[in-house]
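Next comes model16.tsv, a file with TSV, C-alpha atoms.
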```tsv
chain	number	residue	atom	x	y	z
A	3	MET	CA	5.23	17.84	27.60
A	4	LYS	CA	3.96	14.38	26.74
A	5	ALA	CA	1.17	12.72	28.74
A	6	PHE	CA	0.16	9.07	29.02
A	7	PHE	CA	-2.78	7.00	30.27
A	8	ALA	CA	-4.44	3.64	29.47
A	9	ASP	CA	-8.17	2.98	29.88
A	10	GLU	CA	-7.42	-0.39	31.54
A	11	GLN	CA	-6.35	1.59	34.61
A	12	LYS	CA	-10.00	2.42	35.31
A	13	ARG	CA	-11.05	-1.24	35.72
A	14	HIS	CA	-9.70	-1.51	39.28
A	15	ASP	CA	-12.72	-0.45	41.33
A	16	PRO	CA	-12.20	-1.11	45.07
A	17	LYS	CA	-15.33	-0.99	47.20
A	18	ALA	CA	-14.29	-0.34	50.81
A	19	PHE	CA	-11.47	0.09	53.30
A	20	LEU	CA	-11.20	0.35	57.06
A	21	SER	CA	-10.60	3.79	58.55
A	22	SER	CA	-10.22	3.97	62.35
A	23	GLY	CA	-11.75	0.51	62.46
A	24	ALA	CA	-14.88	1.44	60.51
A	25	PRO	CA	-15.72	0.33	56.95
A	26	GLN	CA	-15.77	3.29	54.57
A	27	PRO	CA	-16.24	3.63	50.80
A	28	ASN	CA	-12.82	3.33	49.16
A	29	PRO	CA	-11.81	6.80	47.90
A	30	GLU	CA	-9.41	5.49	45.23
A	31	GLN	CA	-12.12	5.38	42.58
A	32	PRO	CA	-11.98	5.19	38.75
A	33	GLU	CA	-13.64	8.62	38.65
A	34	ARG	CA	-10.32	10.04	39.84
A	35	ALA	CA	-8.84	9.18	36.46
A	36	GLU	CA	-11.64	10.95	34.58
A	37	ARG	CA	-11.15	14.17	36.53
A	38	LEU	CA	-7.39	14.04	36.20
A	39	LEU	CA	-7.69	13.44	32.45
A	40	ALA	CA	-9.88	16.52	32.21
A	41	GLY	CA	-7.33	18.50	34.19
A	42	ALA	CA	-4.47	17.42	31.95
A	43	ARG	CA	-6.43	18.15	28.77
A	44	ALA	CA	-7.29	21.61	30.07
A	45	THR	CA	-3.62	22.52	29.66
A	46	GLY	CA	-3.72	21.55	25.98
A	47	LEU	CA	-2.03	18.18	26.44
A	48	THR	CA	-2.88	15.23	24.20
A	49	ILE	CA	-3.12	11.98	26.12
A	50	GLU	CA	-1.21	9.10	24.51
A	51	ARG	CA	-1.64	5.40	25.21
A	52	PRO	CA	1.40	3.61	26.67
A	53	ARG	CA	2.72	0.35	25.29
A	54	ASP	CA	2.77	-3.01	27.05
A	55	HIS	CA	6.31	-3.08	28.46
A	56	GLY	CA	6.13	-6.55	29.99
A	57	LEU	CA	7.21	-7.47	33.50
A	58	GLY	CA	10.84	-6.41	33.14
A	59	PRO	CA	10.57	-2.79	34.36
A	60	VAL	CA	8.27	-3.82	37.22
A	61	ALA	CA	10.47	-6.75	38.25
A	62	ALA	CA	13.42	-4.35	38.44
A	63	VAL	CA	11.98	-2.92	41.69
A	64	HIS	CA	9.61	-5.65	42.96
A	65	THR	CA	10.37	-9.21	44.02
A	66	PRO	CA	9.22	-12.14	41.86
A	67	GLU	CA	7.48	-13.62	44.91
A	68	TYR	CA	5.38	-10.47	45.28
A	69	LEU	CA	4.54	-10.14	41.58
A	70	ALA	CA	3.39	-13.78	41.46
A	71	PHE	CA	1.20	-13.04	44.48
A	72	LEU	CA	-0.41	-10.00	42.83
A	73	GLU	CA	-1.09	-11.88	39.61
A	74	HIS	CA	-2.69	-14.98	41.13
A	75	ILE	CA	-4.06	-14.11	44.57
A	76	PHE	CA	-7.57	-13.13	43.47
A	77	ALA	CA	-8.25	-16.46	41.76
A	78	ARG	CA	-6.82	-18.34	44.74
A	79	TRP	CA	-8.90	-16.27	47.18
A	80	GLN	CA	-12.12	-17.13	45.38
A	81	ARG	CA	-11.53	-20.82	46.10
A	82	ILE	CA	-11.77	-20.18	49.86
A	83	GLU	CA	-15.23	-21.01	51.16
A	84	GLY	CA	-16.92	-17.90	52.52
A	85	ALA	CA	-14.13	-15.55	51.45
A	86	SER	CA	-14.80	-11.86	50.82
A	87	SER	CA	-15.36	-10.64	47.26
A	88	GLU	CA	-12.04	-8.74	47.42
A	89	VAL	CA	-8.74	-9.88	48.88
A	90	ILE	CA	-8.37	-8.15	52.26
A	91	PRO	CA	-5.87	-9.35	54.89
A	92	ASN	CA	-6.89	-10.24	58.44
A	93	ILE	CA	-3.50	-11.28	59.83
A	94	HIS	CA	0.02	-9.83	59.57
A	95	PRO	CA	3.40	-11.24	60.62
A	96	LEU	CA	5.22	-9.59	63.51
A	97	ALA	CA	8.44	-10.12	61.50
A	98	ARG	CA	8.93	-10.83	57.80
A	99	ASP	CA	12.29	-12.61	57.85
A	100	GLY	CA	10.99	-16.07	58.69
A	101	ALA	CA	8.90	-18.69	56.90
A	102	TYR	CA	6.84	-17.78	53.85
A	103	PRO	CA	3.25	-19.09	54.20
A	104	ALA	CA	1.71	-21.31	51.54
A	105	SER	CA	-1.90	-20.30	52.19
A	106	ALA	CA	-3.64	-17.45	50.37
A	107	VAL	CA	-4.72	-15.94	53.69
A	108	GLY	CA	-1.18	-16.01	55.05
A	109	GLN	CA	0.31	-14.55	51.89
A	110	ALA	CA	-2.29	-11.76	51.85
A	111	GLY	CA	-1.16	-10.75	55.33
A	112	TYR	CA	2.49	-11.05	54.30
A	113	HIS	CA	2.17	-8.91	51.15
A	114	MET	CA	-0.52	-6.36	52.16
A	115	ALA	CA	0.33	-3.76	54.79
A	116	ASP	CA	-3.21	-2.63	55.52
A	117	THR	CA	-6.86	-2.91	54.43
A	118	ALA	CA	-6.71	0.04	52.02
A	119	CYS	CA	-5.50	-2.02	49.05
A	120	PRO	CA	-8.19	-4.64	48.33
A	121	ILE	CA	-7.46	-6.83	45.31
A	122	SER	CA	-10.21	-7.67	42.82
A	123	ALA	CA	-10.29	-9.49	39.48
A	124	GLU	CA	-9.12	-6.35	37.64
A	125	THR	CA	-6.46	-5.09	40.06
A	126	TRP	CA	-3.43	-6.84	38.54
A	127	GLN	CA	-4.01	-5.62	34.99
A	128	SER	CA	-4.92	-2.09	36.12
A	129	ALA	CA	-1.78	-1.90	38.24
A	130	LEU	CA	0.37	-3.18	35.35
A	131	TRP	CA	-1.01	-0.57	32.95
A	132	SER	CA	-0.46	2.09	35.60
A	133	ALA	CA	3.18	1.02	35.85
A	134	TRP	CA	3.55	0.85	32.07
A	135	THR	CA	2.26	4.42	31.93
A	136	ALA	CA	5.16	5.45	34.16
A	137	VAL	CA	7.57	3.44	32.01
A	138	GLU	CA	6.32	5.15	28.85
A	139	ALA	CA	6.77	8.59	30.40
A	140	ALA	CA	10.29	7.73	31.53
A	141	GLU	CA	11.17	6.39	28.08
A	142	ALA	CA	9.88	9.64	26.56
A	143	VAL	CA	12.22	11.64	28.79
A	144	ILE	CA	15.12	9.33	27.92
A	145	SER	CA	14.28	10.07	24.27
A	146	ALA	CA	14.81	13.80	24.92
A	147	ALA	CA	11.35	15.02	25.96
A	148	PRO	CA	12.04	17.70	28.62
A	149	ALA	CA	9.15	16.39	30.73
A	150	ALA	CA	6.35	13.82	30.65
A	151	TYR	CA	3.24	13.28	32.76
A	152	ALA	CA	2.16	9.75	33.71
A	153	LEU	CA	-1.45	9.57	34.89
A	154	CYS	CA	-0.88	6.54	37.10
A	155	ARG	CA	-3.97	5.05	38.68
A	156	PRO	CA	-3.91	3.06	40.92
A	157	PRO	CA	-1.12	5.06	42.55
A	158	GLY	CA	2.12	3.54	43.78
A	159	HIS	CA	4.26	5.30	46.38
A	160	HIS	CA	3.09	3.21	49.37
A	161	ALA	CA	4.09	-0.05	47.64
A	162	PHE	CA	7.35	-1.57	48.88
A	163	ALA	CA	9.39	-4.12	46.94
A	164	ASP	CA	7.11	-6.89	48.23
A	165	VAL	CA	4.23	-5.19	50.04
A	166	ALA	CA	1.08	-3.38	48.86
A	167	GLY	CA	-0.47	-0.65	50.99
A	168	GLY	CA	-2.38	2.61	51.01
A	169	PHE	CA	-4.24	2.04	47.69
A	170	CYS	CA	-0.90	1.12	46.02
A	171	PHE	CA	0.28	-2.13	44.40
A	172	ILE	CA	3.19	-1.39	42.03
A	173	ASN	CA	5.46	1.53	42.87
A	174	ASN	CA	5.15	3.59	39.69
A	175	SER	CA	7.56	6.33	40.82
A	176	ALA	CA	10.21	3.74	41.65
A	177	VAL	CA	9.65	2.01	38.32
A	178	ALA	CA	10.09	5.33	36.49
A	179	ALA	CA	13.28	6.13	38.42
A	180	GLN	CA	14.74	2.72	37.63
A	181	VAL	CA	13.98	3.17	33.92
A	182	LEU	CA	15.68	6.58	33.99
A	183	ARG	CA	18.74	4.94	35.53
A	184	LYS	CA	19.40	3.31	32.15
A	185	GLN	CA	20.68	6.71	31.06
A	186	ALA	CA	20.99	8.80	34.23
A	187	ALA	CA	23.76	8.05	36.72
A	188	ARG	CA	21.79	9.68	39.53
A	189	VAL	CA	18.04	10.19	39.86
A	190	THR	CA	16.03	12.09	42.48
A	191	ILE	CA	12.47	11.21	43.45
A	192	LEU	CA	10.72	14.25	44.91
A	193	ASP	CA	7.44	13.22	46.59
A	194	VAL	CA	4.98	16.05	47.25
A	195	ASP	CA	2.00	13.87	48.21
A	196	LEU	CA	0.08	14.52	51.45
A	197	HIS	CA	1.29	11.15	52.73
A	198	HIS	CA	4.89	10.04	53.06
A	199	GLY	CA	6.09	7.83	50.20
A	200	ASN	CA	7.09	5.00	52.52
A	201	GLY	CA	7.26	2.33	49.81
A	202	THR	CA	9.52	4.48	47.65
A	203	GLN	CA	11.75	5.17	50.62
A	204	GLY	CA	11.93	1.46	51.41
A	205	ILE	CA	12.87	0.44	47.87
A	206	PHE	CA	15.82	2.84	47.68
A	207	TYR	CA	16.76	3.10	51.37
A	208	ALA	CA	20.12	1.36	50.97
A	209	ARG	CA	21.00	2.80	47.54
A	210	PRO	CA	23.16	5.88	46.84
A	211	ASP	CA	22.16	6.25	43.18
A	212	VAL	CA	18.57	7.42	43.87
A	213	LEU	CA	17.96	10.30	46.30
A	214	THR	CA	14.48	10.10	47.84
A	215	VAL	CA	12.97	13.33	49.17
A	216	SER	CA	9.47	13.57	50.64
A	217	LEU	CA	7.34	16.50	51.85
A	218	HIS	CA	4.26	15.30	53.73
A	219	ALA	CA	2.03	15.69	56.77
A	220	ASP	CA	3.91	14.73	59.93
A	221	PRO	CA	3.33	10.98	60.41
A	222	VAL	CA	3.43	11.16	64.19
A	223	ARG	CA	-0.40	11.31	64.03
A	224	PHE	CA	-1.02	10.64	60.34
A	225	TYR	CA	-0.75	7.78	57.83
A	226	PRO	CA	1.61	5.97	57.28
A	227	PHE	CA	2.57	6.53	60.96
A	228	PHE	CA	5.68	4.29	61.05
A	229	TRP	CA	7.70	5.96	58.28
A	230	GLY	CA	8.40	9.50	57.14
A	231	HIS	CA	10.16	10.92	60.19
A	232	ALA	CA	13.01	13.38	59.84
A	233	ASP	CA	15.63	11.05	61.34
A	234	GLU	CA	15.20	8.43	58.58
A	235	ARG	CA	18.30	9.08	56.48
A	236	GLY	CA	18.95	5.78	54.70
A	237	GLU	CA	21.14	2.83	55.63
A	238	GLY	CA	24.36	1.19	54.50
A	239	PRO	CA	25.47	2.64	51.15
A	240	GLY	CA	22.24	4.70	51.14
A	241	LEU	CA	22.94	6.56	54.38
A	242	GLY	CA	22.38	10.24	53.66
A	243	TYR	CA	20.37	9.58	50.50
A	244	ASN	CA	16.91	9.79	52.06
A	245	PHE	CA	15.50	13.15	53.19
A	246	ASN	CA	12.12	13.58	54.89
A	247	LEU	CA	10.47	16.93	55.52
A	248	PRO	CA	7.39	16.30	57.71
A	249	LEU	CA	5.05	19.29	57.93
A	250	PRO	CA	2.62	20.26	60.71
A	251	ARG	CA	-1.02	19.43	59.99
A	252	LYS	CA	-2.87	22.12	58.00
A	253	SER	CA	0.35	23.67	56.67
A	254	ALA	CA	-0.56	25.90	53.73
A	255	ASP	CA	1.19	27.32	50.66
A	256	ALA	CA	3.89	29.36	52.41
A	257	ALA	CA	5.06	26.51	54.66
A	258	PHE	CA	4.98	24.00	51.83
A	259	LEU	CA	6.99	26.23	49.50
A	260	GLU	CA	9.50	26.98	52.27
A	261	ALA	CA	10.03	23.25	52.81
A	262	LEU	CA	10.32	22.79	49.05
A	263	GLY	CA	13.18	25.28	49.07
A	264	VAL	CA	14.97	23.16	51.69
A	265	ALA	CA	14.37	20.08	49.53
A	266	PHE	CA	15.89	21.84	46.53
A	267	GLN	CA	19.11	22.50	48.45
A	268	ARG	CA	19.50	18.76	49.05
A	269	ILE	CA	18.59	17.91	45.46
A	270	ARG	CA	21.13	20.35	44.03
A	271	ALA	CA	23.82	18.92	46.33
A	272	PHE	CA	23.07	15.46	44.89
A	273	ALA	CA	23.40	16.83	41.32
A	274	PRO	CA	20.93	14.42	39.70
A	275	ASP	CA	20.73	13.81	35.98
A	276	ALA	CA	16.94	13.37	36.07
A	277	LEU	CA	13.96	13.91	38.36
A	278	VAL	CA	10.81	11.97	39.18
A	279	VAL	CA	8.05	14.02	40.81
A	280	ALA	CA	5.64	11.84	42.80
A	281	LEU	CA	2.71	14.22	42.42
A	282	GLY	CA	0.08	13.94	45.11
A	283	LEU	CA	-2.72	16.48	44.89
A	284	ASP	CA	-4.15	15.41	48.25
A	285	ALA	CA	-2.17	18.16	50.02
A	286	PHE	CA	-5.06	20.37	48.82
A	287	GLU	CA	-7.04	22.25	51.47
A	288	GLY	CA	-10.29	20.67	50.25
A	289	ASP	CA	-9.10	17.09	49.81
A	290	PRO	CA	-11.18	14.51	51.73
A	291	PHE	CA	-8.13	13.47	53.79
A	292	GLY	CA	-7.70	17.03	55.09
A	293	GLY	CA	-4.08	16.82	56.20
A	294	LEU	CA	-2.54	19.93	54.61
A	295	SER	CA	-3.95	23.19	53.22
A	296	VAL	CA	-2.29	23.86	49.86
A	297	THR	CA	-4.49	25.96	47.55
A	298	THR	CA	-5.08	25.61	43.82
A	299	PRO	CA	-2.82	28.62	43.08
A	300	GLY	CA	-0.32	27.00	45.45
A	301	PHE	CA	-0.05	23.97	43.16
A	302	SER	CA	0.83	26.30	40.30
A	303	ARG	CA	3.61	27.82	42.38
A	304	ILE	CA	4.85	24.35	43.35
A	305	GLY	CA	4.97	23.32	39.70
A	306	GLU	CA	6.77	26.52	38.72
A	307	ALA	CA	9.34	26.07	41.50
A	308	ILE	CA	10.11	22.46	40.56
A	309	ALA	CA	10.47	23.38	36.89
A	310	LYS	CA	13.22	25.84	37.82
A	311	LEU	CA	15.43	22.90	38.78
A	312	GLY	CA	15.85	22.52	35.01
A	313	LEU	CA	16.01	18.72	35.08
A	314	PRO	CA	14.53	16.14	32.68
A	315	THR	CA	11.39	15.30	34.63
A	316	VAL	CA	8.86	12.48	34.84
A	317	ILE	CA	5.72	13.54	36.71
A	318	VAL	CA	4.00	10.47	38.18
A	319	GLN	CA	0.48	10.86	39.55
A	320	GLU	CA	0.08	9.67	43.13
A	321	GLY	CA	-2.77	10.77	45.45
A	322	GLY	CA	-5.49	13.37	45.14
A	323	TYR	CA	-9.04	12.29	45.86
A	324	LEU	CA	-12.52	13.19	44.73
A	325	CYS	CA	-13.36	16.82	45.28
A	326	ASP	CA	-14.55	19.56	42.95
A	327	ALA	CA	-11.06	21.02	42.46
A	328	LEU	CA	-9.14	17.80	41.71
A	329	GLY	CA	-8.82	18.42	37.96
A	330	ASP	CA	-8.18	22.14	38.51
A	331	ASN	CA	-5.32	21.33	40.86
A	332	LEU	CA	-3.64	19.18	38.22
A	333	THR	CA	-4.17	21.91	35.62
A	334	ALA	CA	-2.59	24.42	37.99
A	335	PHE	CA	0.46	22.26	38.66
A	336	LEU	CA	1.09	21.36	35.03
A	337	THR	CA	0.56	24.94	33.87
A	338	GLY	CA	2.92	26.20	36.56
A	339	PHE	CA	5.48	23.64	35.47
A	340	GLY	CA	5.11	24.86	31.90
A	341	GLY	CA	3.17	21.85	30.79
A	342	LYS	CA	1.40	23.09	27.69
A	343	GLN	CA	2.23	20.80	24.82
A	344	ARG	CA	5.13	21.91	22.65
```
Write-out of the structure in structure tokens:
Amino acid sequence: MKAFFADEQKRHDPKAFLSSGAPQPNPEQPERAERLLAGARATGLTIERPRDHGLGPVAAVHTPEYLAFLEHIFARWQRIEGASSEVIPNIHPLARDGAYPASAVGQAGYHMADTACPISAETWQSALWSAWTAVEAAEAVISAAPAAYALCRPPGHHAFADVAGGFCFINNSAVAAQVLRKQAARVTILDVDLHHGNGTQGIFYARPDVLTVSLHADPVRFYPFFWGHADERGEGPGLGYNFNLPLPRKSADAAFLEALGVAFQRIRAFAPDALVVALGLDAFEGDPFGGLSVTTPGFSRIGEAIAKLGLPTVIVQEGGYLCDALGDNLTAFLTGFGGKQR
């Protein structure tokens, strides 16, 4: 297995976010990358630097309007008298099919779903290198590597085609899937993060060439609240190509693996040529978000089960927040998957 990461991804260093209306330290910290790197190296993997792939692969899944916003909004925000040190929205449109605002404040509300994705001077470049890491991993799989791990930070699966949210700016899993489509007629994205991959679902919701499958804590009382329910099946040509498996809070290894078996039935029926695993480690029993109760050995079993699908696989890092076992959980998953370098 190949593995990729760029040091520029650590420059994005958000300070705070609102949780239940209260300011809290932002948990999507650069230290996450250090612990995940240690976890990957513990399996014997050598971490390679990705190349600069330009805007093409990112623009294949995100709108030009949105990418221009991400690139320039911080500089524009700093010209506002009394503005915060990070771009944080304070207004959102009730509908997004009308006029497009010219002001930085209006565009921030238009393109940012919540307050968990503050934009600083380094965010754009960090997010680009995170996406290029996913591109590099997908290109490695296209070039016949059986699997590749992309240590993507900041993560991506809450980013829609033109909206940031939930610590995410560019949807790395969607970017990887679109790159794989250059060779693969059908691609599955299997999201095993604690939180539903609402941005990924949104990007592919009307497409039949990418099957999106997500296992996550039931959103009826959990972020992202408005997406991730079992009756969301896709629309238009994509009807039947989205499959959500919401799990009761505190579900542990047995329930998660049982749901994974149901997911595999749908994936096999789709007969994909390649697989993207949106790997969240925040389903862990000791993760700060505390939504599910998967154990460290459970991640090994999850990795082993996914590997048995026998598909060319890009593993894209999503969530998993600072706790003592973060690196160990990645080691367990990659080892279970068979991730020692070969």
Legend entry - Proximity to A:Arg155 - best of A:Ala35, A:Leu283, A:Leu196, A:Val189, only C-alpha atoms: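 Smallest distance to A:Arg155 is found for A:Ala35.
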Sort by chain and increasing residue number a table of all residues of stretch 94-172 of chain A within 12 Å of stretch 54-76 of chain A, each with its closest pair of atoms and their distance in Å to one decimal, counting only C-alpha atoms, and write it as JSON lines.
```
{"residue": "A:Tyr102", "atom": "CA", "partner": "A:Glu67", "partner_atom": "CA", "distance": 9.9}
{"residue": "A:Pro103", "atom": "CA", "partner": "A:Glu67", "partner_atom": "CA", "distance": 11.6}
{"residue": "A:Ala104", "atom": "CA", "partner": "A:Phe71", "partner_atom": "CA", "distance": 10.9}
{"residue": "A:Ser105", "atom": "CA", "partner": "A:Ile75", "partner_atom": "CA", "distance": 10.1}
{"residue": "A:Ala106", "atom": "CA", "partner": "A:Ile75", "partner_atom": "CA", "distance": 6.7}
{"residue": "A:Val107", "atom": "CA", "partner": "A:Ile75", "partner_atom": "CA", "distance": 9.3}
{"residue": "A:Gly108", "atom": "CA", "partner": "A:Ile75", "partner_atom": "CA", "distance": 11.0}
{"residue": "A:Gln109", "atom": "CA", "partner": "A:Phe71", "partner_atom": "CA", "distance": 7.6}
{"residue": "A:Ala110", "atom": "CA", "partner": "A:Ile75", "partner_atom": "CA", "distance": 7.9}
{"residue": "A:Gly111", "atom": "CA", "partner": "A:Phe71", "partner_atom": "CA", "distance": 11.3}
{"residue": "A:Tyr112", "atom": "CA", "partner": "A:Tyr68", "partner_atom": "CA", "distance": 9.5}
{"residue": "A:His113", "atom": "CA", "partner": "A:Tyr68", "partner_atom": "CA", "distance": 6.9}
{"residue": "A:Met114", "atom": "CA", "partner": "A:Tyr68", "partner_atom": "CA", "distance": 10.0}
{"residue": "A:Cys119", "atom": "CA", "partner": "A:Leu72", "partner_atom": "CA", "distance": 11.3}
{"residue": "A:Pro120", "atom": "CA", "partner": "A:Phe76", "partner_atom": "CA", "distance": 9.8}
{"residue": "A:Ile121", "atom": "CA", "partner": "A:Phe76", "partner_atom": "CA", "distance": 6.6}
{"residue": "A:Ser122", "atom": "CA", "partner": "A:Phe76", "partner_atom": "CA", "distance": 6.1}
{"residue": "A:Ala123", "atom": "CA", "partner": "A:Phe76", "partner_atom": "CA", "distance": 6.0}
{"residue": "A:Glu124", "atom": "CA", "partner": "A:Phe76", "partner_atom": "CA", "distance": 9.1}
{"residue": "A:Thr125", "atom": "CA", "partner": "A:Leu72", "partner_atom": "CA", "distance": 8.3}
{"residue": "A:Trp126", "atom": "CA", "partner": "A:Glu73", "partner_atom": "CA", "distance": 5.7}
{"residue": "A:Gln127", "atom": "CA", "partner": "A:Glu73", "partner_atom": "CA", "distance": 8.3}
{"residue": "A:Ser128", "atom": "CA", "partner": "A:Glu73", "partner_atom": "CA", "distance": 11.1}
{"residue": "A:Ala129", "atom": "CA", "partner": "A:Leu72", "partner_atom": "CA", "distance": 9.4}
{"residue": "A:Leu130", "atom": "CA", "partner": "A:Val60", "partner_atom": "CA", "distance": 8.1}
{"residue": "A:Trp131", "atom": "CA", "partner": "A:Asp54", "partner_atom": "CA", "distance": 7.4}
{"residue": "A:Ser132", "atom": "CA", "partner": "A:Asp54", "partner_atom": "CA", "distance": 10.5}
{"residue": "A:Ala133", "atom": "CA", "partner": "A:Val60", "partner_atom": "CA", "distance": 7.2}
{"residue": "A:Trp134", "atom": "CA", "partner": "A:His55", "partner_atom": "CA", "distance": 6.0}
{"residue": "A:Thr135", "atom": "CA", "partner": "A:Asp54", "partner_atom": "CA", "distance": 8.9}
{"residue": "A:Ala136", "atom": "CA", "partner": "A:Pro59", "partner_atom": "CA", "distance": 9.9}
{"residue": "A:Val137", "atom": "CA", "partner": "A:Pro59", "partner_atom": "CA", "distance": 7.3}
{"residue": "A:Glu138", "atom": "CA", "partner": "A:His55", "partner_atom": "CA", "distance": 8.2}
{"residue": "A:Ala139", "atom": "CA", "partner": "A:His55", "partner_atom": "CA", "distance": 11.8}
{"residue": "A:Ala140", "atom": "CA", "partner": "A:Pro59", "partner_atom": "CA", "distance": 10.9}
{"residue": "A:Glu141", "atom": "CA", "partner": "A:His55", "partner_atom": "CA", "distance": 10.7}
{"residue": "A:Gly158", "atom": "CA", "partner": "A:Val60", "partner_atom": "CA", "distance": 11.6}
{"residue": "A:Ala161", "atom": "CA", "partner": "A:His64", "partner_atom": "CA", "distance": 9.2}
{"residue": "A:Phe162", "atom": "CA", "partner": "A:His64", "partner_atom": "CA", "distance": 7.5}
{"residue": "A:Ala163", "atom": "CA", "partner": "A:His64", "partner_atom": "CA", "distance": 4.3}
{"residue": "A:Asp164", "atom": "CA", "partner": "A:Tyr68", "partner_atom": "CA", "distance": 5.0}
{"residue": "A:Val165", "atom": "CA", "partner": "A:Tyr68", "partner_atom": "CA", "distance": 7.2}
{"residue": "A:Ala166", "atom": "CA", "partner": "A:Tyr68", "partner_atom": "CA", "distance": 9.0}
{"residue": "A:Cys170", "atom": "CA", "partner": "A:Leu72", "partner_atom": "CA", "distance": 11.6}
{"residue": "A:Phe171", "atom": "CA", "partner": "A:Leu72", "partner_atom": "CA", "distance": 8.1}
{"residue": "A:Ile172", "atom": "CA", "partner": "A:Val60", "partner_atom": "CA", "distance": 7.4}
```
Legend entry - Neighbour list for stretch 335-339 of chain A as a VMD selection string, cut-off 8 Å, all atoms listed in the file, skip fewer than 6 positions in-chain: chain A and resid 42 45 301 to 309
Residues as selected, C-alpha atoms, written as a PDB file, keeping the file's coordinate frame, can you do that?
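Wrote it out as selection08.pdb, contents follow:
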```pdb
ATOM      1  CA  ALA A  42      -4.470  17.420  31.950  1.00  0.00           C
ATOM      2  CA  THR A  45      -3.620  22.520  29.660  1.00  0.00           C
ATOM      3  CA  PHE A 301      -0.050  23.970  43.160  1.00  0.00           C
ATOM      4  CA  SER A 302       0.830  26.300  40.300  1.00  0.00           C
ATOM      5  CA  ARG A 303       3.610  27.820  42.380  1.00  0.00           C
ATOM      6  CA  ILE A 304       4.850  24.350  43.350  1.00  0.00           C
ATOM      7  CA  GLY A 305       4.970  23.320  39.700  1.00  0.00           C
ATOM      8  CA  GLU A 306       6.770  26.520  38.720  1.00  0.00           C
ATOM      9  CA  ALA A 307       9.340  26.070  41.500  1.00  0.00           C
ATOM     10  CA  ILE A 308      10.110  22.460  40.560  1.00  0.00           C
ATOM     11  CA  ALA A 309      10.470  23.380  36.890  1.00  0.00           C
TER      12      ALA A 309
END
```
Inset, instruction - Counting all atoms listed in the file, select every polymer residue within 10 Å of (-1.1, 12.2, 43.4) as defined in the file's coordinates, and provide the selection as an MDAnalysis selection string. - result: chainID A and resid 38 153:159 193:197 279:285 317:323 328 332
Legend entry - One-decimal distance in Å that lies between atom CA of A:Tyr207 and atom CA of A:Gly230: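 Those two atoms sit 12.0 Å apart.
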Legend entry - Protein, DNA and RNA residues within 7 Å of (20.1, 5.4, 52.4), only C-alpha atoms, as a list in words: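 Every residue inside that radius is included here: Phe206, Tyr207, Ala208, Arg209, Pro210, Arg235, Gly236, Glu237, Gly238, Pro239, Gly240, Leu241, Gly242, Tyr243 and Asn244 of chain A.
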Inset, instruction - In Å, rounded to a single decimal, give me how far atom CA of A:Thr298 is from atom CA of A:Ala257. - result: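 Here the two named atoms are 14.9 Å from each other.
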Legend entry - Neighbour list for A:Glu33 as an MDAnalysis selection string, cut-off 12 Å, all atoms listed in the file, skip fewer than 3 positions in-chain: chainID A and resid 9 11:16 28:30 36:40 155:156 322:326 328:329
May I have the residues from that selection written out with C-alpha atoms, as a PDB file, in the frame of the given file?
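The resulting file, out-v2.pdb, is shown below:
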```pdb
ATOM      1  CA  ASP A   9      -8.170   2.980  29.880  1.00  0.00           C
ATOM      2  CA  GLN A  11      -6.350   1.590  34.610  1.00  0.00           C
ATOM      3  CA  LYS A  12     -10.000   2.420  35.310  1.00  0.00           C
ATOM      4  CA  ARG A  13     -11.050  -1.240  35.720  1.00  0.00           C
ATOM      5  CA  HIS A  14      -9.700  -1.510  39.280  1.00  0.00           C
ATOM      6  CA  ASP A  15     -12.720  -0.450  41.330  1.00  0.00           C
ATOM      7  CA  PRO A  16     -12.200  -1.110  45.070  1.00  0.00           C
ATOM      8  CA  ASN A  28     -12.820   3.330  49.160  1.00  0.00           C
ATOM      9  CA  PRO A  29     -11.810   6.800  47.900  1.00  0.00           C
ATOM     10  CA  GLU A  30      -9.410   5.490  45.230  1.00  0.00           C
ATOM     11  CA  GLU A  36     -11.640  10.950  34.580  1.00  0.00           C
ATOM     12  CA  ARG A  37     -11.150  14.170  36.530  1.00  0.00           C
ATOM     13  CA  LEU A  38      -7.390  14.040  36.200  1.00  0.00           C
ATOM     14  CA  LEU A  39      -7.690  13.440  32.450  1.00  0.00           C
ATOM     15  CA  ALA A  40      -9.880  16.520  32.210  1.00  0.00           C
ATOM     16  CA  ARG A 155      -3.970   5.050  38.680  1.00  0.00           C
ATOM     17  CA  PRO A 156      -3.910   3.060  40.920  1.00  0.00           C
ATOM     18  CA  GLY A 322      -5.490  13.370  45.140  1.00  0.00           C
ATOM     19  CA  TYR A 323      -9.040  12.290  45.860  1.00  0.00           C
ATOM     20  CA  LEU A 324     -12.520  13.190  44.730  1.00  0.00           C
ATOM     21  CA  CYS A 325     -13.360  16.820  45.280  1.00  0.00           C
ATOM     22  CA  ASP A 326     -14.550  19.560  42.950  1.00  0.00           C
ATOM     23  CA  LEU A 328      -9.140  17.800  41.710  1.00  0.00           C
ATOM     24  CA  GLY A 329      -8.820  18.420  37.960  1.00  0.00           C
TER      25      GLY A 329
END
```
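Going from atom CA of A:Pro314 to atom CA of A:Ala276 covers 5.0 Å.
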Inset, instruction - Within 12 Å of A:Ser22, counting only C-alpha atoms, which residues show up once you throw out same-chain ones fewer than 6 positions away? Write them as a list in words, please. - result: Asp116, Thr117, Ala118, Phe224 and Tyr225 of chain A
Create the file for the chosen residues now, containing C-alpha atoms and written as a compact mmCIF listing (two decimals), keeping the file's coordinate frame.
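The result, written out as result_39.txt:
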```txt
# COMPACT_ATOMS: atom_id res chain seq x y z
CA ASP A 116 -3.21 -2.63 55.52
CA THR A 117 -6.86 -2.91 54.43
CA ALA A 118 -6.71 0.04 52.02
CA PHE A 224 -1.02 10.64 60.34
CA TYR A 225 -0.75 7.78 57.83
```
